[in-house]
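Enquirer: Before anything else, here's the structure in question.
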Amino acid sequence: MSQTSDSQRLMMYWAFDERTGASAVESISQVQDDIQYVFNQAEFTESCDPQWRQGVMGSGLLFDGYSTYIAHSVNEGEPNGKQMYRSALSIGVWVAPRSYEWGSEGKLSAIVNHHNMNRKQGYLLGMYRHGSWSFQVGLEGGDWKEVWSPDGHELPKNEWSYVNAVFDGTQGEMKLYLNGREIASADLPPGSRLAEAVNTELLIGKNNHSSLLAEVFSLHMFSGILDELKVYNRALSEEEVVASYRHVLDTAYGGAHPPLTYDEIKLDRTPLLPDRHRPQYHVNPPAHWMNEPHAPIYFDGQYHLFYQHNPLGPFFHQIHWGHWVSEDLVHWRDLPIALAPEKDQLAPDGIWSGSATYDADGLPVLFFTAGNDSASPNQSVALARSTYSRDGDSNLVHWVKHAEPLIVQKKGMGVFGDFRDPFVWKDHDGWFALVGSGIEGEGGAALAFASQDMLNWTYTGSLFKADIQKFPYLGPIWELPVLLPLGSDKLGVNKHLLLVSPVGKGADVEVFYWTGKLDKQNLSFIPDQEEPQLIDVGDFHFTGPSGMVDPKTGRKIVFTIAQGDRTSELEYQSGWAHNGGLPLSVYLRDDGRLGIEPIEELQSLRGAKRLSLRDKSLAEANMLLGDVQGDMLEIQLEMEPCSAKQLGIKVRCTPDNEEETLLYYDWNQSMLLVDRTKTTLHSGEKCRGIQGGKLELLGENLKLHIYLDRSMVEAYANGLKSLTTRVYPSRKDALGLEIWGDGELLVKSMDIWEMKSIW
């Protein structure tokens, strides 16, 4: 609600008190402004209104950081087309930022703006990196003037701030106020006039000169809640600013500053729950972008898992550490962001992948890749400690970064400039770390480091490196090295598992592994065989590995990202990108090969059992399958080939088989394959072709353990390999199943369960 004294002095006023709907009233003109929002007309989920939240007075409008904004038409010129000027302008608005942008091209994330930078016209109020903010105006004569918040007066995340910006051309000054106090000013020539922006819309939540990322995503968008936005055609005095601030406090909060709960401003997964392609029992962020999950750790009865996350939208930019917690590795809860870029000399430009371990007192610590574009290289290894010893919070919500990087790459320490993704573990001999890099002219490498106190580290050389002359697909750089103990083989030899992700020119971006021996004294790895192996034979849907030894069970568990394989346009429309794969238990089999199985806790998601059959022919099995449909299923299937040379199962089939996805095994080629040539009729989706890889069954029947979770398809074959893929059928009736083969076969057993959502 506005004060009575304001009513004759306002140019524009948005109270944002609608609470529902896709428009907001500008109260002076009584114009209903449309609110742009990606789900106003949703393609894959249910259409819904923009997100309204509790404001400081009535409701406020939540801007999602990439799609939400308001465009308001203004009369910026006289009827004869002459340029208009103003001698005064003031803005007042309540702001609760949720995330800060990176600040591409030096542009502000606009709160409200009506400016043309090319002509140096208009005005802009917005935020910049790490919560700094600025008011900027174009003056008569073509000058552009700016006033900035000083250090210590940033706009805090997840809190309400009252912001005022004042342009007083007559007196020759610009001022910023924060919560009723003047914090900055800039001098202008007395008698200055603001040049109105011609042929330009006033935008709320989006910069008039927003840059495009991937030709789709507008940068410089506001992320957070706005309320009580007022634009005045005069210069407010300090007394008026204070009175406006106190009016809200005294009217609604007994004189206290307005509170804001985290639940009110956090990313909300509710609009995405009906999305027909978004997985429901695979871990994923509430919304927007994620890449690899990492840093799994068990503490005080709970598992913690972190992930690379952009809270601003479903695109790769301004990476934070998201955070989940679980008691069973299956049912996860969203927690606040654990680590974010801050205004420091450690990691102002990104918090990239890393790992978790324990300090000398058994408390969790995080090792991460600190992104600092002002340093060379721009990647170093840094540390964050939990505040558990002070607050006793077993959810480990709060983390404090160690002020200096712990490991800084020097010349001769791998490929200079590629130095990231620390994997750190602790044992009775101290702390050890692997860092992804490469060796010039040789290929990717996992660099090894050792420490006795967790803070001071010694470089010991390469734990293991690629031979790209023999195996060019291993690439010049390795990311995300992971080393896990596997225990002793039949001969009593202690074995380890080394996982790496090649990147760079010529690299096959998959997760490769070796089993072998760890030479602890020299920190080197001796593989059992020279050629690397794949855990997953899908195409780029099983990447970004991390791992842990489960203290509860001793299991070795691997986590991955299941990439979405969609265009930027479809990720924009969907509001999310990527999810985690199912946690895998890895172990050394009696035959010396690596065994993989989804963790047994996933059985807790089983709902109704839809089918159980034994020893049926293809025709008999398909007759029984006729009544089974679903896109959230667990399937266990064993098939004997008889005369068939290719056999498998079709999933996500339409009744007329116009859309279908075939998972099958080729006995002649010893290949596990997926055929997606008929997966979707949607012209924008990329899921096409046939993918797969080698799988030697050595006389065994084909045993498939399949998880369907909307667009996710994961098939585990004989405990040896997985095939992870994505499917985006265009038709909602693509829910059927069908056994398939090119000859006679026997379905030895088949069990199917419905699966429940974890959210």
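A note on labels: chains of the structure tokens are A, B, ... as shown, every chain counts residues from 1, and ligands are counted from 1 in their shown order.
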If you run DSSP on the backbone here, which positions in range 181-286 of chain A get helix (DSSP H, G or I)? Please write them as a ChimeraX atom specification.
Expert: /A:238-252,262-265,270-272
Enquirer: Can you pull out every residue within 12 Å of Gly180 in chain A, counting only C-alpha atoms, but drop anything in the same chain fewer than 4 positions away, and send it as a PDB file with N, CA and C atoms, in the first residue's frame?
Expert:
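See around_21.pdb below for the written result:
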```pdb
ATOM      1  N   GLY A  92      12.060   3.738  -5.510  1.00  0.00           N
ATOM      2  CA  GLY A  92      12.071   3.012  -4.247  1.00  0.00           C
ATOM      3  C   GLY A  92      11.519   1.613  -4.468  1.00  0.00           C
ATOM      4  N   VAL A  93      12.161   0.603  -3.892  1.00  0.00           N
ATOM      5  CA  VAL A  93      11.704  -0.770  -4.100  1.00  0.00           C
ATOM      6  C   VAL A  93      12.256  -1.662  -2.992  1.00  0.00           C
ATOM      7  N   TRP A  94      11.434  -2.624  -2.581  1.00  0.00           N
ATOM      8  CA  TRP A  94      11.885  -3.663  -1.657  1.00  0.00           C
ATOM      9  C   TRP A  94      12.404  -4.842  -2.483  1.00  0.00           C
ATOM     10  N   SER A 161      15.709  -6.006   1.558  1.00  0.00           N
ATOM     11  CA  SER A 161      16.406  -4.723   1.634  1.00  0.00           C
ATOM     12  C   SER A 161      15.523  -3.668   0.980  1.00  0.00           C
ATOM     13  N   TYR A 162      15.515  -2.476   1.565  1.00  0.00           N
ATOM     14  CA  TYR A 162      14.781  -1.370   0.947  1.00  0.00           C
ATOM     15  C   TYR A 162      15.784  -0.476   0.241  1.00  0.00           C
ATOM     16  N   VAL A 163      15.606  -0.337  -1.051  1.00  0.00           N
ATOM     17  CA  VAL A 163      16.557   0.347  -1.920  1.00  0.00           C
ATOM     18  C   VAL A 163      15.914   1.612  -2.470  1.00  0.00           C
ATOM     19  N   ASN A 164      16.667   2.710  -2.390  1.00  0.00           N
ATOM     20  CA  ASN A 164      16.235   3.950  -3.028  1.00  0.00           C
ATOM     21  C   ASN A 164      17.371   4.512  -3.870  1.00  0.00           C
ATOM     22  N   ALA A 165      16.999   5.013  -5.052  1.00  0.00           N
ATOM     23  CA  ALA A 165      17.947   5.678  -5.942  1.00  0.00           C
ATOM     24  C   ALA A 165      17.363   7.029  -6.315  1.00  0.00           C
ATOM     25  N   LYS A 175      22.106   9.770  -5.528  1.00  0.00           N
ATOM     26  CA  LYS A 175      22.294   9.151  -4.219  1.00  0.00           C
ATOM     27  C   LYS A 175      21.699   7.750  -4.192  1.00  0.00           C
ATOM     28  N   LEU A 176      22.309   6.904  -3.373  1.00  0.00           N
ATOM     29  CA  LEU A 176      21.786   5.579  -3.063  1.00  0.00           C
ATOM     30  C   LEU A 176      21.471   5.507  -1.582  1.00  0.00           C
ATOM     31  N   LEU A 236      13.464  12.557  -4.088  1.00  0.00           N
ATOM     32  CA  LEU A 236      13.066  12.355  -2.698  1.00  0.00           C
ATOM     33  C   LEU A 236      14.154  12.883  -1.764  1.00  0.00           C
ATOM     34  N   SER A 237      13.717  13.458  -0.671  1.00  0.00           N
ATOM     35  CA  SER A 237      14.663  13.889   0.357  1.00  0.00           C
ATOM     36  C   SER A 237      15.017  12.715   1.256  1.00  0.00           C
ATOM     37  N   GLU A 238      16.071  12.874   2.027  1.00  0.00           N
ATOM     38  CA  GLU A 238      16.460  11.811   2.956  1.00  0.00           C
ATOM     39  C   GLU A 238      15.344  11.539   3.953  1.00  0.00           C
ATOM     40  N   GLU A 239      14.651  12.599   4.393  1.00  0.00           N
ATOM     41  CA  GLU A 239      13.561  12.425   5.349  1.00  0.00           C
ATOM     42  C   GLU A 239      12.431  11.597   4.748  1.00  0.00           C
ATOM     43  N   GLU A 240      12.151  11.828   3.491  1.00  0.00           N
ATOM     44  CA  GLU A 240      11.089  11.062   2.833  1.00  0.00           C
ATOM     45  C   GLU A 240      11.480   9.602   2.645  1.00  0.00           C
ATOM     46  N   VAL A 241      12.742   9.361   2.333  1.00  0.00           N
ATOM     47  CA  VAL A 241      13.221   7.978   2.200  1.00  0.00           C
ATOM     48  C   VAL A 241      13.088   7.255   3.531  1.00  0.00           C
ATOM     49  N   VAL A 242      13.535   7.907   4.599  1.00  0.00           N
ATOM     50  CA  VAL A 242      13.443   7.292   5.928  1.00  0.00           C
ATOM     51  C   VAL A 242      11.981   7.042   6.296  1.00  0.00           C
ATOM     52  N   ALA A 243      11.124   8.007   6.013  1.00  0.00           N
ATOM     53  CA  ALA A 243       9.703   7.863   6.353  1.00  0.00           C
ATOM     54  C   ALA A 243       9.073   6.704   5.596  1.00  0.00           C
ATOM     55  N   SER A 244       9.446   6.537   4.324  1.00  0.00           N
ATOM     56  CA  SER A 244       8.900   5.436   3.532  1.00  0.00           C
ATOM     57  C   SER A 244       9.351   4.092   4.086  1.00  0.00           C
ATOM     58  N   TYR A 245      10.613   4.013   4.484  1.00  0.00           N
ATOM     59  CA  TYR A 245      11.143   2.783   5.082  1.00  0.00           C
ATOM     60  C   TYR A 245      10.445   2.486   6.408  1.00  0.00           C
ATOM     61  N   ARG A 246      10.330   3.511   7.257  1.00  0.00           N
ATOM     62  CA  ARG A 246       9.730   3.308   8.575  1.00  0.00           C
ATOM     63  C   ARG A 246       8.241   2.983   8.469  1.00  0.00           C
ATOM     64  N   HIS A 247       7.590   3.496   7.439  1.00  0.00           N
ATOM     65  CA  HIS A 247       6.158   3.218   7.268  1.00  0.00           C
ATOM     66  C   HIS A 247       5.903   1.713   7.183  1.00  0.00           C
ATOM     67  N   VAL A 248       6.715   1.003   6.403  1.00  0.00           N
ATOM     68  CA  VAL A 248       6.539  -0.448   6.287  1.00  0.00           C
ATOM     69  C   VAL A 248       6.842  -1.126   7.611  1.00  0.00           C
ATOM     70  N   LEU A 249       7.941  -0.732   8.244  1.00  0.00           N
ATOM     71  CA  LEU A 249       8.331  -1.364   9.510  1.00  0.00           C
ATOM     72  C   LEU A 249       7.279  -1.138  10.588  1.00  0.00           C
ATOM     73  N   HIS A 257      12.638  -4.772  11.137  1.00  0.00           N
ATOM     74  CA  HIS A 257      12.862  -4.967   9.704  1.00  0.00           C
ATOM     75  C   HIS A 257      12.100  -6.212   9.247  1.00  0.00           C
TER      76      HIS A 257
END
```
Enquirer: Using only C-alpha atoms, find the one residue out of A:Ser574, A:Phe135, A:Leu637, A:Leu681 that sits nearest to Gln41 in chain A.
Expert: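 Selected residue with least distance to Gln41 in chain A: A:Ser574.
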Enquirer: Would you please work out which residue, of A:Leu624, A:Met221, A:Ile706, A:Leu178, is nearest to Trp102 in chain A when using only C-alpha atoms?
Expert: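 Selected residue with least distance to Trp102 in chain A: A:Met221.
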Enquirer: Measuring atom to atom with only C-alpha atoms, identify which of A:Trp425, A:Tyr177, A:Phe540, A:Trp576 is nearest to Gln452 in chain A.
Expert: A:Trp425
Enquirer: At a cut-off of 6 Å, using only C-alpha atoms, what residues contact Val166 in chain A? Leave out same-chain residues fewer than 3 positions from it and give the result as number ranges by chain.
Expert: A: 90, 174-175, 235
Enquirer: Pick out the residues sitting within 10 Å of Leu663 in chain A, and hand them over as a list in words; count only C-alpha atoms, and ignore anything fewer than 5 positions along from it in its own chain.
Expert: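 Listed by chain and then number, they are Leu647, Gly648, Ile649, Lys650, Val651, Leu672, Leu673, Val674, Asp675, Arg676, Ile690, Gln691, Gly692, Leu704, Ile706, Val713, Glu714, Ala715, Leu723, Thr725, Ile739 and Trp740 of chain A.
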Enquirer: What are the DSSP strand (DSSP E) residues of range 340-432 of chain A, as a ChimeraX atom specification?
Expert: /A:350-358,364-371,379-386,399-401,407-408,420-427,430-432
